[in-house]
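Structure record follows, encoded as structure tokens.
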There are 2 protein chains.
Amino acid sequence: VKKIDVVRKILADRFQQSPVYQTAEAFAPTNIALCKYWGKRDTELNLPLTSSLSVSLAHKGALTRLTVNDLACDVISLNNQKIKLSDIFSQKLIEFLNLFRAETAPKFNINIDSNIPIAAGLASSACGFAVLVRVLDKLYDWQLSLTQQSILARLGSGSACRSLWDGFVEWEMGVASDGMDSHGQALPAKWPELSVGLHVIAATPKKLSSRLAMQQTVLTSQLYQAWPQQVKMDLANLKTAISEKDFLTLGKTAENNALAMHATMLSAWPPIQYSLPETHASMDKVWQLRREGLNVFFTQDAGPNLKLLFLAQDLKAVTEQFSNIEVVMPFDSK
Amino acid sequence: VKKIDVVRKILADRFQQSPVYQTAEAFAPTNIALCKYWGKRDTELNLPLTSSLSVSLAHKGALTRLTVNDLACDVISLNNQKIKLSDIFSQKLIEFLNLFRAETAPKFNINIDSNIPIAAGLASSACGFAVLVRVLDKLYDWQLSLTQQSILARLGSGSACRSLWDGFVEWEMGVASDGMDSHGQALPAKWPELSVGLHVIAATPKKLSSRLAMQQTVLTSQLYQAWPQQVKMDLANLKTAISEKDFLTLGKTAENNALAMHATMLSAWPPIQYSLPETHASMDKVWQLRREGLNVFFTQDAGPNLKLLFLAQDLKAVTEQFSNIEVVMPFDSK
């Protein structure tokens, strides 16, 4: 099964040669996985070996505007900076857009405003592809359901399928070979006190893409064999913790899940290490604070940065210790 | 099954109330596991969940002299410094000695000369208990086989059962509940070019004993489920590498095995991290040197220090990069 087959199946008679509108704009939040997506059973369609669970980061994400231009090529700008079309960033984006338009169809001016660092393990590609699907849906007036949008976003980047909703989102891995049952779905729970502290240690692009790291881990890490079972338990514990607002279980499970993911990378060959010395120092600090009674946990994606997890009541204590973090409250309606 | 039962079984009618000699002295080398011992199926007898494989470090180890004294208690000195009997170090040592003597039997002056840092992940307890068995064997003139000595040494510390021999030693896990089939055995291969660089990053005692770390990992790490299978493959690969003098396979397997062991700790709860920021920096350096074509690998035990693995031909290149390492050639007959 190819990406284009999935696109044809979903768009079917909604497919249109040209956009209905001249311009459209949309936003999608980035999401932080509390139980990670790590390992694919299908690299073409980004079908995962396990389910995963995330929380979307409210106003942190990407605002993207597509405008039909009359040029022979797309023009891409990110945070008001023009990006070369030869860039890997541009290539991935255009390759994705081309799934939805004929070769002769109009090209776009693509303006992306992202308030998170790109490719530093802050899920920039997650919100990037989710917002593209959203804005295409508007531009072509497809009126796709969020589930359909989620399936399309997944074709760009696996975790993007979780960025179509606010709050907690579960990505059920599904079993179908075309991935029509592999998409995000919102969990109803709200948790206004839940706080995420973005602790950026290095905002430079990572040396190894998470796509390659994942592949190398699945292929070479013996410990990865135990990962699906870990995810199964962690997902069950997280869902219970969310429904019971049991923060200690949520924090512990999310941190343990992230460390286990990095453990599978450490045991891959060649070994993969996204953490910098400062990352390890910050982990030590979190562990020390916990021993002193502060309920703060972390999660880490395929990059050196940490995302601290805590409750609003501990905001002051946490920011006193980590003065540079940016705090996001995923369920804050402001 | 208790330790004392194993001692009775092995000593049987060799058991003597008092030493045959007034003094005896012996040496045992420390050993570095290329495939780690990590996880027990019996904590009383130190019976492992997997087999393991080590190389002994020739002249690096402990020289111990026992002398019968006429006091009511043992007197312990380490590197000419008297150690308090209330010390955990003394308590473990005396507890072990008491397995071999009646309560009213003579006490000893115990002089230990160790040329490795104590409790910094350099297997000080491995050579410590191996040498104690050796010197007791002399003092009481038991004339035990090395296999019998290995079983007794294991009662003090699991990895001690590998420190009765020079060169490569395999510890076969065994299946018997009394552990009579769980002991070291020498592999015949010699590898004169093999070099170990002791890269001491911190020689301070570790915060968490490997005994507790192991237990916590077995109990809480989901990834540990895959460890026995990893060991099985690594042991087979190491034995082939040793018999074929295939250094790249030896180095890769040893490093991957050590990283996988630390990965199981990282995924335990609470997480266990023996590495210091300098440890991570040194790992990065090894990886970088390898990318530049230098065949250097590392292994790491339950401490922040690394042991570099390389061949004699690369001695100069390695010591130029790591100027503070102490180089040991396990098969050097000097």
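By convention in this document, the chains of the structure tokens carry letters A, B, ... by their order, each chain's residues are numbered from 1, and ligands are numbered from 1 in the order they are shown.
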
I'd like the neighbourhood of stretch 208-214 of chain B as a PDB file with C-alpha atoms, in the first residue's frame, where a residue qualifies if any of its atoms comes within 8 Å (using only C-alpha atoms), though same-chain residues fewer than 4 positions away should be ignored.
ATOM      1  CA  TRP B  38      23.088  -8.675  35.793  1.00  0.00           C
ATOM      2  CA  GLY B  39      20.232 -10.179  37.749  1.00  0.00           C
ATOM      3  CA  LYS B  40      19.976 -12.989  40.291  1.00  0.00           C
ATOM      4  CA  VAL B 218      14.963  -7.137  37.813  1.00  0.00           C
ATOM      5  CA  MET B 265      18.798   0.393  34.733  1.00  0.00           C
ATOM      6  CA  ILE B 272      19.299   4.209  37.970  1.00  0.00           C
ATOM      7  CA  ALA B 302      27.980  -0.362  37.961  1.00  0.00           C
TER       8      ALA B 302
END

Only residues of chain A matter here; which ones have an atom within 7 Å of chain B, counting only C-alpha atoms? Give them as a PDB file with N, CA, C and O atoms, in the first residue's frame.
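Printed below is selection-v2.pdb as written:
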ATOM      1  N   GLN A 222      18.110  -5.543  21.033  1.00  0.00           N
ATOM      2  CA  GLN A 222      17.469  -6.742  21.583  1.00  0.00           C
ATOM      3  C   GLN A 222      16.428  -6.338  22.626  1.00  0.00           C
ATOM      4  O   GLN A 222      15.353  -6.927  22.711  1.00  0.00           O
ATOM      5  N   LEU A 223      16.737  -5.304  23.398  1.00  0.00           N
ATOM      6  CA  LEU A 223      15.806  -4.877  24.451  1.00  0.00           C
ATOM      7  C   LEU A 223      14.485  -4.372  23.866  1.00  0.00           C
ATOM      8  O   LEU A 223      13.461  -4.372  24.546  1.00  0.00           O
ATOM      9  N   GLN A 225      12.624  -5.767  22.009  1.00  0.00           N
ATOM     10  CA  GLN A 225      11.657  -6.870  22.053  1.00  0.00           C
ATOM     11  C   GLN A 225      10.648  -6.692  23.187  1.00  0.00           C
ATOM     12  O   GLN A 225       9.511  -7.150  23.095  1.00  0.00           O
ATOM     13  N   ALA A 226      11.085  -6.065  24.282  1.00  0.00           N
ATOM     14  CA  ALA A 226      10.201  -5.916  25.445  1.00  0.00           C
ATOM     15  C   ALA A 226       9.404  -4.612  25.400  1.00  0.00           C
ATOM     16  O   ALA A 226       8.557  -4.366  26.261  1.00  0.00           O
ATOM     17  N   TRP A 227       9.689  -3.754  24.421  1.00  0.00           N
ATOM     18  CA  TRP A 227       9.036  -2.445  24.348  1.00  0.00           C
ATOM     19  C   TRP A 227       7.518  -2.543  24.160  1.00  0.00           C
ATOM     20  O   TRP A 227       6.759  -1.842  24.861  1.00  0.00           O
ATOM     21  N   GLN A 230       5.931  -3.104  27.408  1.00  0.00           N
ATOM     22  CA  GLN A 230       6.037  -1.905  28.246  1.00  0.00           C
ATOM     23  C   GLN A 230       4.939  -0.906  27.879  1.00  0.00           C
ATOM     24  O   GLN A 230       4.264  -0.343  28.748  1.00  0.00           O
ATOM     25  N   ASN A 256       9.070   7.029  33.072  1.00  0.00           N
ATOM     26  CA  ASN A 256       9.603   5.678  32.861  1.00  0.00           C
ATOM     27  C   ASN A 256       9.500   5.279  31.390  1.00  0.00           C
ATOM     28  O   ASN A 256      10.430   4.669  30.823  1.00  0.00           O
ATOM     29  N   LEU A 259      12.224   7.128  29.446  1.00  0.00           N
ATOM     30  CA  LEU A 259      13.553   6.568  29.732  1.00  0.00           C
ATOM     31  C   LEU A 259      13.703   5.198  29.075  1.00  0.00           C
ATOM     32  O   LEU A 259      14.782   4.854  28.578  1.00  0.00           O
ATOM     33  N   ALA A 260      12.636   4.425  29.068  1.00  0.00           N
ATOM     34  CA  ALA A 260      12.701   3.112  28.421  1.00  0.00           C
ATOM     35  C   ALA A 260      12.921   3.278  26.916  1.00  0.00           C
ATOM     36  O   ALA A 260      13.683   2.525  26.303  1.00  0.00           O
ATOM     37  N   ALA A 263      16.387   4.046  26.516  1.00  0.00           N
ATOM     38  CA  ALA A 263      17.153   2.832  26.837  1.00  0.00           C
ATOM     39  C   ALA A 263      17.229   1.913  25.619  1.00  0.00           C
ATOM     40  O   ALA A 263      18.280   1.317  25.349  1.00  0.00           O
ATOM     41  N   THR A 264      16.127   1.821  24.866  1.00  0.00           N
ATOM     42  CA  THR A 264      16.197   0.970  23.664  1.00  0.00           C
ATOM     43  C   THR A 264      17.206   1.547  22.667  1.00  0.00           C
ATOM     44  O   THR A 264      17.897   0.798  21.979  1.00  0.00           O
ATOM     45  N   LEU A 266      19.926   3.333  23.482  1.00  0.00           N
ATOM     46  CA  LEU A 266      21.264   3.125  24.040  1.00  0.00           C
ATOM     47  C   LEU A 266      21.737   1.715  23.732  1.00  0.00           C
ATOM     48  O   LEU A 266      22.928   1.463  23.544  1.00  0.00           O
ATOM     49  N   SER A 267      20.778   0.786  23.659  1.00  0.00           N
ATOM     50  CA  SER A 267      21.139  -0.609  23.418  1.00  0.00           C
ATOM     51  C   SER A 267      21.061  -0.967  21.935  1.00  0.00           C
ATOM     52  O   SER A 267      21.168  -2.131  21.577  1.00  0.00           O
ATOM     53  N   TRP A 269      22.606  -0.591  17.938  1.00  0.00           N
ATOM     54  CA  TRP A 269      23.970  -0.526  17.423  1.00  0.00           C
ATOM     55  C   TRP A 269      23.983   0.081  16.037  1.00  0.00           C
ATOM     56  O   TRP A 269      23.283  -0.407  15.174  1.00  0.00           O
ATOM     57  N   PRO A 277      25.255  16.296  27.983  1.00  0.00           N
ATOM     58  CA  PRO A 277      25.607  16.319  29.408  1.00  0.00           C
ATOM     59  C   PRO A 277      24.625  17.151  30.238  1.00  0.00           C
ATOM     60  O   PRO A 277      24.223  16.758  31.333  1.00  0.00           O
ATOM     61  N   HIS A 280      21.522  15.177  31.114  1.00  0.00           N
ATOM     62  CA  HIS A 280      21.723  14.277  32.255  1.00  0.00           C
ATOM     63  C   HIS A 280      21.734  15.060  33.568  1.00  0.00           C
ATOM     64  O   HIS A 280      21.176  14.609  34.571  1.00  0.00           O
TER      65      HIS A 280
END

Counting only C-alpha atoms, what is within 10 Å of B:Gln185, bar same-chain residues fewer than 3 positions away, as a PyMOL selection string? chain B and resi 53+146-147+150+161-165+168-172+182+188

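Contact shell of B:Ala33 at 8 Å (only C-alpha atoms; same-chain neighbours under 5 positions omitted): Ser52, Leu53, Ser54 and Val55 of chain B.
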
Keeping only all heavy atoms, write the selected residues to a file as an mmCIF file, in the first residue's frame.
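Contents of part-v1.cif, freshly written:
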data_model
loop_
_atom_site.group_PDB
_atom_site.id
_atom_site.type_symbol
_atom_site.label_atom_id
_atom_site.label_comp_id
_atom_site.auth_asym_id
_atom_site.auth_seq_id
_atom_site.Cartn_x
_atom_site.Cartn_y
_atom_site.Cartn_z
ATOM 1 N N SER B 52 27.733 -15.424 32.148
ATOM 2 C CA SER B 52 28.478 -14.199 31.865
ATOM 3 C C SER B 52 29.903 -14.566 31.470
ATOM 4 O O SER B 52 30.287 -15.740 31.568
ATOM 5 C CB SER B 52 28.467 -13.258 33.077
ATOM 6 O OG SER B 52 28.976 -13.913 34.222
ATOM 7 N N LEU B 53 30.652 -13.576 31.001
ATOM 8 C CA LEU B 53 32.005 -13.859 30.512
ATOM 9 C C LEU B 53 32.914 -12.669 30.799
ATOM 10 O O LEU B 53 32.528 -11.521 30.555
ATOM 11 C CB LEU B 53 31.944 -14.136 29.014
ATOM 12 C CG LEU B 53 33.184 -14.741 28.342
ATOM 13 C CD1 LEU B 53 32.766 -15.533 27.106
ATOM 14 C CD2 LEU B 53 34.216 -13.701 27.970
ATOM 15 N N SER B 54 34.096 -12.953 31.333
ATOM 16 C CA SER B 54 34.985 -11.865 31.728
ATOM 17 C C SER B 54 36.406 -12.110 31.257
ATOM 18 O O SER B 54 36.748 -13.193 30.779
ATOM 19 C CB SER B 54 34.989 -11.735 33.251
ATOM 20 O OG SER B 54 35.498 -12.921 33.837
ATOM 21 N N VAL B 55 37.211 -11.083 31.425
ATOM 22 C CA VAL B 55 38.649 -11.237 31.259
ATOM 23 C C VAL B 55 39.294 -10.705 32.537
ATOM 24 O O VAL B 55 38.894 -9.658 33.064
ATOM 25 C CB VAL B 55 39.162 -10.512 29.988
ATOM 26 C CG1 VAL B 55 38.930 -9.015 30.039
ATOM 27 C CG2 VAL B 55 40.622 -10.845 29.726
#

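You will find atom CA of A:Ala126 at 10.4 Å from atom CA of A:Ser56.
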
Restricting the calculation to only C-alpha atoms: of A:Leu235, A:Leu155, A:Leu63, A:Leu308, which residue gets closest to A:Arg134?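 Among the listed residues, A:Leu63 lies closest to A:Arg134.
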
Identify, with DSSP run on backbone atoms, the residues in stretch 27-239 of chain B assigned to strand (DSSP E or B), and express the list as number ranges by chain. B: 27-35, 40-42, 47-48, 52-68, 75-78, 81-83, 108-114, 168-172, 183-186, 194-199

When you draw a straight line from atom CA of B:Val20 to atom CA of B:Leu93, how long is it in Å?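 Those two atoms sit 20.8 Å apart.
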